[in-house]
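To be precise, the following lines are coords_4.cif, and they hold mmCIF, C-alpha atoms, pLDDT in the B column; chains and numbers go by the auth columns.
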```cif
data_protein
loop_
_atom_site.group_PDB
_atom_site.id
_atom_site.type_symbol
_atom_site.label_atom_id
_atom_site.label_comp_id
_atom_site.label_asym_id
_atom_site.label_seq_id
_atom_site.Cartn_x
_atom_site.Cartn_y
_atom_site.Cartn_z
_atom_site.B_iso_or_equiv
_atom_site.auth_seq_id
_atom_site.auth_asym_id
ATOM 1 C CA MET A 1 0.000 0.000 0.000 92.00 1 X
ATOM 2 C CA ASP A 2 1.435 3.346 -0.978 95.00 2 X
ATOM 3 C CA ASN A 3 0.695 6.933 -0.011 95.00 3 X
ATOM 4 C CA LYS A 4 -1.941 7.299 -2.751 97.00 4 X
ATOM 5 C CA ASP A 5 -3.839 4.253 -1.453 97.00 5 X
ATOM 6 C CA GLN A 6 -3.759 5.764 2.032 97.00 6 X
ATOM 7 C CA GLN A 7 -5.128 9.048 0.652 97.00 7 X
ATOM 8 C CA ILE A 8 -7.987 7.147 -0.989 98.00 8 X
ATOM 9 C CA ILE A 9 -8.759 5.321 2.251 98.00 9 X
ATOM 10 C CA ARG A 10 -8.748 8.504 4.350 97.00 10 X
ATOM 11 C CA ALA A 11 -10.984 10.299 1.834 97.00 11 X
ATOM 12 C CA LEU A 12 -13.475 7.424 1.924 97.00 12 X
ATOM 13 C CA GLN A 13 -13.358 7.311 5.724 97.00 13 X
ATOM 14 C CA ARG A 14 -14.401 10.962 5.731 96.00 14 X
ATOM 15 C CA ASN A 15 -17.119 10.429 3.110 96.00 15 X
ATOM 16 C CA GLY A 16 -17.872 6.891 1.964 95.00 16 X
ATOM 17 C CA ARG A 17 -20.593 8.107 -0.396 96.00 17 X
ATOM 18 C CA MET A 18 -18.397 10.295 -2.575 97.00 18 X
ATOM 19 C CA THR A 19 -18.405 9.568 -6.284 97.00 19 X
ATOM 20 C CA ASN A 20 -15.333 8.161 -7.979 97.00 20 X
ATOM 21 C CA GLN A 21 -14.984 11.486 -9.812 98.00 21 X
ATOM 22 C CA ASP A 22 -14.912 13.402 -6.505 98.00 22 X
ATOM 23 C CA LEU A 23 -12.550 10.849 -4.971 98.00 23 X
ATOM 24 C CA ALA A 24 -10.191 11.082 -7.943 98.00 24 X
ATOM 25 C CA THR A 25 -10.186 14.880 -7.716 98.00 25 X
ATOM 26 C CA GLU A 26 -9.496 14.817 -3.974 97.00 26 X
ATOM 27 C CA VAL A 27 -6.533 12.451 -4.290 97.00 27 X
ATOM 28 C CA ASN A 28 -5.245 14.037 -7.499 98.00 28 X
ATOM 29 C CA LEU A 29 -5.749 11.074 -9.860 97.00 29 X
ATOM 30 C CA SER A 30 -7.731 10.651 -13.022 97.00 30 X
ATOM 31 C CA PRO A 31 -10.960 8.636 -12.529 97.00 31 X
ATOM 32 C CA SER A 32 -9.848 5.355 -14.208 98.00 32 X
ATOM 33 C CA PRO A 33 -6.666 4.796 -12.142 97.00 33 X
ATOM 34 C CA CYS A 34 -8.532 5.906 -9.015 98.00 34 X
ATOM 35 C CA LEU A 35 -11.295 3.357 -9.612 98.00 35 X
ATOM 36 C CA ARG A 36 -8.710 0.665 -10.356 98.00 36 X
ATOM 37 C CA ARG A 37 -6.936 1.361 -7.048 98.00 37 X
ATOM 38 C CA LEU A 38 -10.266 1.420 -5.186 98.00 38 X
ATOM 39 C CA ARG A 39 -11.283 -1.976 -6.601 98.00 39 X
ATOM 40 C CA LEU A 40 -7.878 -3.444 -5.681 98.00 40 X
ATOM 41 C CA LEU A 41 -8.254 -2.148 -2.099 98.00 41 X
ATOM 42 C CA GLU A 42 -11.702 -3.771 -1.917 98.00 42 X
ATOM 43 C CA GLN A 43 -10.591 -7.079 -3.488 98.00 43 X
ATOM 44 C CA SER A 44 -7.521 -7.381 -1.256 98.00 44 X
ATOM 45 C CA GLY A 45 -9.633 -6.890 1.881 98.00 45 X
ATOM 46 C CA VAL A 46 -8.068 -3.576 2.909 97.00 46 X
ATOM 47 C CA ILE A 47 -11.501 -1.970 2.492 98.00 47 X
ATOM 48 C CA THR A 48 -13.780 -4.361 4.353 97.00 48 X
ATOM 49 C CA GLY A 49 -17.113 -2.643 3.712 95.00 49 X
ATOM 50 C CA TYR A 50 -19.099 0.575 3.800 95.00 50 X
ATOM 51 C CA SER A 51 -21.557 1.797 6.416 93.00 51 X
ATOM 52 C CA ALA A 52 -23.400 4.854 7.699 93.00 52 X
ATOM 53 C CA ASN A 53 -22.459 6.690 10.905 93.00 53 X
ATOM 54 C CA ILE A 54 -25.603 7.022 13.018 95.00 54 X
ATOM 55 C CA ASP A 55 -26.385 9.256 15.996 95.00 55 X
ATOM 56 C CA ALA A 56 -27.007 6.676 18.752 96.00 56 X
ATOM 57 C CA GLU A 57 -29.189 9.042 20.780 96.00 57 X
ATOM 58 C CA ALA A 58 -31.436 9.826 17.815 97.00 58 X
ATOM 59 C CA TYR A 59 -31.668 6.087 17.136 98.00 59 X
ATOM 60 C CA GLY A 60 -32.813 5.488 20.734 98.00 60 X
ATOM 61 C CA LEU A 61 -29.622 4.152 22.338 98.00 61 X
ATOM 62 C CA PRO A 62 -28.164 7.210 24.082 98.00 62 X
ATOM 63 C CA VAL A 63 -26.149 5.377 26.758 98.00 63 X
ATOM 64 C CA THR A 64 -22.676 4.085 25.877 98.00 64 X
ATOM 65 C CA VAL A 65 -20.889 1.878 28.396 98.00 65 X
ATOM 66 C CA PHE A 66 -17.325 0.603 28.291 98.00 66 X
ATOM 67 C CA VAL A 67 -17.264 -2.747 30.060 98.00 67 X
ATOM 68 C CA LEU A 68 -14.084 -4.452 31.253 98.00 68 X
ATOM 69 C CA VAL A 69 -14.519 -8.216 31.575 98.00 69 X
ATOM 70 C CA LYS A 70 -12.152 -10.569 33.357 98.00 70 X
ATOM 71 C CA LEU A 71 -12.548 -14.310 32.867 98.00 71 X
ATOM 72 C CA GLU A 72 -12.297 -16.858 35.683 97.00 72 X
ATOM 73 C CA SER A 73 -9.881 -18.978 33.652 96.00 73 X
ATOM 74 C CA HIS A 74 -8.135 -18.820 30.311 95.00 74 X
ATOM 75 C CA THR A 75 -8.694 -22.318 29.040 96.00 75 X
ATOM 76 C CA GLU A 76 -9.294 -22.635 25.322 96.00 76 X
ATOM 77 C CA ALA A 77 -12.882 -23.728 25.957 95.00 77 X
ATOM 78 C CA THR A 78 -13.662 -20.785 28.281 96.00 78 X
ATOM 79 C CA VAL A 79 -12.172 -18.215 25.899 97.00 79 X
ATOM 80 C CA ARG A 80 -13.876 -19.727 22.848 97.00 80 X
ATOM 81 C CA GLN A 81 -17.243 -19.877 24.640 97.00 81 X
ATOM 82 C CA PHE A 82 -17.031 -16.248 25.802 98.00 82 X
ATOM 83 C CA GLU A 83 -15.973 -14.954 22.385 98.00 83 X
ATOM 84 C CA THR A 84 -18.617 -16.981 20.539 98.00 84 X
ATOM 85 C CA ASP A 85 -21.387 -15.879 22.901 98.00 85 X
ATOM 86 C CA ILE A 86 -20.377 -12.201 23.072 98.00 86 X
ATOM 87 C CA ALA A 87 -20.262 -11.993 19.262 98.00 87 X
ATOM 88 C CA ARG A 88 -24.016 -12.778 19.256 98.00 88 X
ATOM 89 C CA VAL A 89 -24.983 -9.953 21.650 98.00 89 X
ATOM 90 C CA ASP A 90 -26.452 -7.062 19.665 97.00 90 X
ATOM 91 C CA GLN A 91 -25.765 -4.436 22.336 98.00 91 X
ATOM 92 C CA VAL A 92 -22.020 -5.117 22.082 98.00 92 X
ATOM 93 C CA LEU A 93 -20.741 -3.001 19.200 98.00 93 X
ATOM 94 C CA GLU A 94 -17.070 -3.817 19.736 98.00 94 X
ATOM 95 C CA CYS A 95 -15.147 -6.388 21.761 98.00 95 X
ATOM 96 C CA PHE A 96 -11.392 -6.071 22.169 98.00 96 X
ATOM 97 C CA VAL A 97 -8.966 -8.603 23.673 98.00 97 X
ATOM 98 C CA MET A 98 -6.846 -6.670 26.162 98.00 98 X
ATOM 99 C CA THR A 99 -3.583 -6.858 28.025 97.00 99 X
ATOM 100 C CA GLY A 100 -3.460 -5.850 31.674 96.00 100 X
ATOM 101 C CA THR A 101 -5.846 -6.717 34.477 96.00 101 X
ATOM 102 C CA SER A 102 -8.915 -7.271 32.275 98.00 102 X
ATOM 103 C CA ASP A 103 -9.269 -9.709 29.411 98.00 103 X
ATOM 104 C CA TYR A 104 -11.829 -7.866 27.250 98.00 104 X
ATOM 105 C CA LEU A 105 -13.102 -4.346 26.676 98.00 105 X
ATOM 106 C CA LEU A 106 -16.644 -4.096 25.321 98.00 106 X
ATOM 107 C CA ARG A 107 -18.347 -1.038 23.864 98.00 107 X
ATOM 108 C CA VAL A 108 -22.027 -1.404 24.648 98.00 108 X
ATOM 109 C CA VAL A 109 -25.021 0.779 23.748 98.00 109 X
ATOM 110 C CA VAL A 110 -28.316 0.721 25.643 98.00 110 X
ATOM 111 C CA ALA A 111 -31.418 2.866 26.062 98.00 111 X
ATOM 112 C CA ASP A 112 -31.024 3.608 29.799 98.00 112 X
ATOM 113 C CA LEU A 113 -29.713 2.254 33.120 98.00 113 X
ATOM 114 C CA SER A 114 -32.537 -0.251 33.397 98.00 114 X
ATOM 115 C CA ASP A 115 -31.694 -1.524 29.919 98.00 115 X
ATOM 116 C CA TYR A 116 -28.047 -1.874 30.991 98.00 116 X
ATOM 117 C CA GLU A 117 -29.055 -3.864 34.063 98.00 117 X
ATOM 118 C CA ASP A 118 -31.102 -6.135 31.805 98.00 118 X
ATOM 119 C CA PHE A 119 -28.103 -6.497 29.463 98.00 119 X
ATOM 120 C CA VAL A 120 -25.829 -7.563 32.336 98.00 120 X
ATOM 121 C CA ARG A 121 -28.366 -9.942 33.914 98.00 121 X
ATOM 122 C CA ARG A 122 -29.758 -11.526 30.745 97.00 122 X
ATOM 123 C CA ARG A 123 -26.861 -11.352 28.282 97.00 123 X
ATOM 124 C CA LEU A 124 -23.530 -11.195 30.178 97.00 124 X
ATOM 125 C CA HIS A 125 -24.138 -13.330 33.265 96.00 125 X
ATOM 126 C CA PRO A 126 -25.535 -16.320 31.331 96.00 126 X
ATOM 127 C CA ILE A 127 -22.298 -16.557 29.315 95.00 127 X
ATOM 128 C CA GLY A 128 -20.562 -17.945 32.378 90.00 128 X
ATOM 129 C CA GLY A 129 -16.865 -18.068 33.172 95.00 129 X
ATOM 130 C CA ILE A 130 -16.776 -14.344 34.014 97.00 130 X
ATOM 131 C CA ALA A 131 -14.818 -13.405 37.151 98.00 131 X
ATOM 132 C CA SER A 132 -15.570 -9.660 37.087 98.00 132 X
ATOM 133 C CA ILE A 133 -17.406 -6.941 35.190 98.00 133 X
ATOM 134 C CA ASP A 134 -16.342 -3.301 35.541 98.00 134 X
ATOM 135 C CA SER A 135 -18.587 -0.711 33.876 98.00 135 X
ATOM 136 C CA SER A 136 -17.756 2.888 32.936 98.00 136 X
ATOM 137 C CA PHE A 137 -20.563 5.071 31.582 98.00 137 X
ATOM 138 C CA VAL A 138 -19.847 7.699 28.949 98.00 138 X
ATOM 139 C CA TYR A 139 -21.275 11.116 29.848 97.00 139 X
ATOM 140 C CA GLY A 140 -19.700 13.108 27.036 96.00 140 X
ATOM 141 C CA VAL A 141 -17.667 12.731 23.856 95.00 141 X
ATOM 142 C CA VAL A 142 -14.638 14.937 23.194 97.00 142 X
ATOM 143 C CA LYS A 143 -13.559 13.325 19.916 97.00 143 X
ATOM 144 C CA GLN A 144 -14.958 10.565 17.764 95.00 144 X
ATOM 145 C CA THR A 145 -13.594 9.711 14.322 94.00 145 X
ATOM 146 C CA ASN A 146 -13.195 6.775 11.982 93.00 146 X
ATOM 147 C CA VAL A 147 -10.478 8.480 9.921 95.00 147 X
ATOM 148 C CA PHE A 148 -6.978 7.051 10.316 96.00 148 X
ATOM 149 C CA PRO A 149 -4.096 9.508 10.742 95.00 149 X
ATOM 150 C CA PRO A 150 -1.649 9.890 7.873 93.00 150 X
ATOM 151 C CA ILE A 151 1.432 7.680 8.082 92.00 151 X
ATOM 152 C CA GLY A 152 4.842 9.285 7.904 80.00 152 X
#
```
Here is a file; write its structure as structure tokens.
Amino acid sequence: MDNKDQQIIRALQRNGRMTNQDLATEVNLSPSPCLRRLRLLEQSGVITGYSANIDAEAYGLPVTVFVLVKLESHTEATVRQFETDIARVDQVLECFVMTGTSDYLLRVVVADLSDYEDFVRRRLHPIGGIASIDSSFVYGVVKQTNVFPPIG
């Protein structure tokens, strides 16, 4: 991947609905080579898909919670079971494997505190093998972006 590919990616991260003509203009290429590069980025799996950014509050899920999960043990079966089960939970938008004192960091969206309690009781606890759950509620956002920084 070269600098021009990175420019294409960053432009699409800012506006995934731009036309190829607009993309080519922004990255200073003619449309045909730009489209060729874009298709190669898609085919190689660098671009994994396209989506819309949605206001969670307007959608009806105004509460974001970061949840640190520590497992009771780290056997292959326990880890596989947790990861398989958590991948099926709609409220979990992201699940990261972590170093440090916790094993996983989840980004969860819910409607309110009662909805979060329901999430913990009906979705997290039944997974089993969890030693601890530590929740931090978001009360404001300073910066939120999906655009990667330039390299170099």
- Message: Evaluate the PyMOL selection byres ((chain X and resi 83) around 12) against this structure - the residues, as number ranges by chain, please.
- Response: X: 69, 71, 74, 76-82, 84-89, 92, 94-97, 103-106, 124, 127-130
- Mind giving me the straight-line distance from atom CA of Leu12 of chain X to atom CA of Asn146 of chain X in Å, one decimal? 10.1 Å
Please give the centre and size of the box around segment 113-125 of chain X (axis-aligned, containing every atom listed in the file, 4 Å added per side), with values in Å to one decimal and written as JSON.
```
{"center_x": -28.0, "center_y": -5.5, "center_z": 31.2, "size_x": 17.0, "size_y": 23.6, "size_z": 13.8}
```
- Hey, what comes out of the PyMOL selection byres ((chain X and resi 21) around 10) on this file? Could you write it as a PyMOL selection string? chain X and resi 18-20+22-26+29-32+34-35
- Task: Give as number ranges by chain each residue that has an atom at most 12 Å from (-14.7, -1.2, 5.9) in the file, counting only C-alpha atoms.
- Result: X: 9-10, 12-13, 16, 41-52, 146-147
Store the residues picked out above in a file with C-alpha atoms, as a compact mmCIF listing (two decimals), in the coordinates of the input.
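Writing done, so here's result08.txt:
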```txt
# COMPACT_ATOMS: atom_id res chain seq x y z
CA ILE X 9 -8.76 5.32 2.25
CA ARG X 10 -8.75 8.50 4.35
CA LEU X 12 -13.48 7.42 1.92
CA GLN X 13 -13.36 7.31 5.72
CA GLY X 16 -17.87 6.89 1.96
CA LEU X 41 -8.25 -2.15 -2.10
CA GLU X 42 -11.70 -3.77 -1.92
CA GLN X 43 -10.59 -7.08 -3.49
CA SER X 44 -7.52 -7.38 -1.26
CA GLY X 45 -9.63 -6.89 1.88
CA VAL X 46 -8.07 -3.58 2.91
CA ILE X 47 -11.50 -1.97 2.49
CA THR X 48 -13.78 -4.36 4.35
CA GLY X 49 -17.11 -2.64 3.71
CA TYR X 50 -19.10 0.57 3.80
CA SER X 51 -21.56 1.80 6.42
CA ALA X 52 -23.40 4.85 7.70
CA ASN X 146 -13.20 6.78 11.98
CA VAL X 147 -10.48 8.48 9.92
```
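The two atoms in question, atom CA of Val27 of chain X and atom CA of Gln144 of chain X, are spaced 23.7 Å apart.
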- Near-Val109 of chain X list (9 Å; only C-alpha atoms; drop same-chain fewer than 5 positions) as a PyMOL selection string: chain X and resi 56+61-66+90-93+116
Since we have the selection now, will you write its residues out, keeping C-alpha atoms, as a PDB file, keeping the file's coordinate frame?
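As written to disk, again06.pdb reads:
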```pdb
ATOM      1  CA  ALA X  56     -27.007   6.676  18.752  1.00 96.00           C
ATOM      2  CA  LEU X  61     -29.622   4.152  22.338  1.00 98.00           C
ATOM      3  CA  PRO X  62     -28.164   7.210  24.082  1.00 98.00           C
ATOM      4  CA  VAL X  63     -26.149   5.377  26.758  1.00 98.00           C
ATOM      5  CA  THR X  64     -22.676   4.085  25.877  1.00 98.00           C
ATOM      6  CA  VAL X  65     -20.889   1.878  28.396  1.00 98.00           C
ATOM      7  CA  PHE X  66     -17.325   0.603  28.291  1.00 98.00           C
ATOM      8  CA  ASP X  90     -26.452  -7.062  19.665  1.00 97.00           C
ATOM      9  CA  GLN X  91     -25.765  -4.436  22.336  1.00 98.00           C
ATOM     10  CA  VAL X  92     -22.020  -5.117  22.082  1.00 98.00           C
ATOM     11  CA  LEU X  93     -20.741  -3.001  19.200  1.00 98.00           C
ATOM     12  CA  TYR X 116     -28.047  -1.874  30.991  1.00 98.00           C
TER      13      TYR X 116
END
```
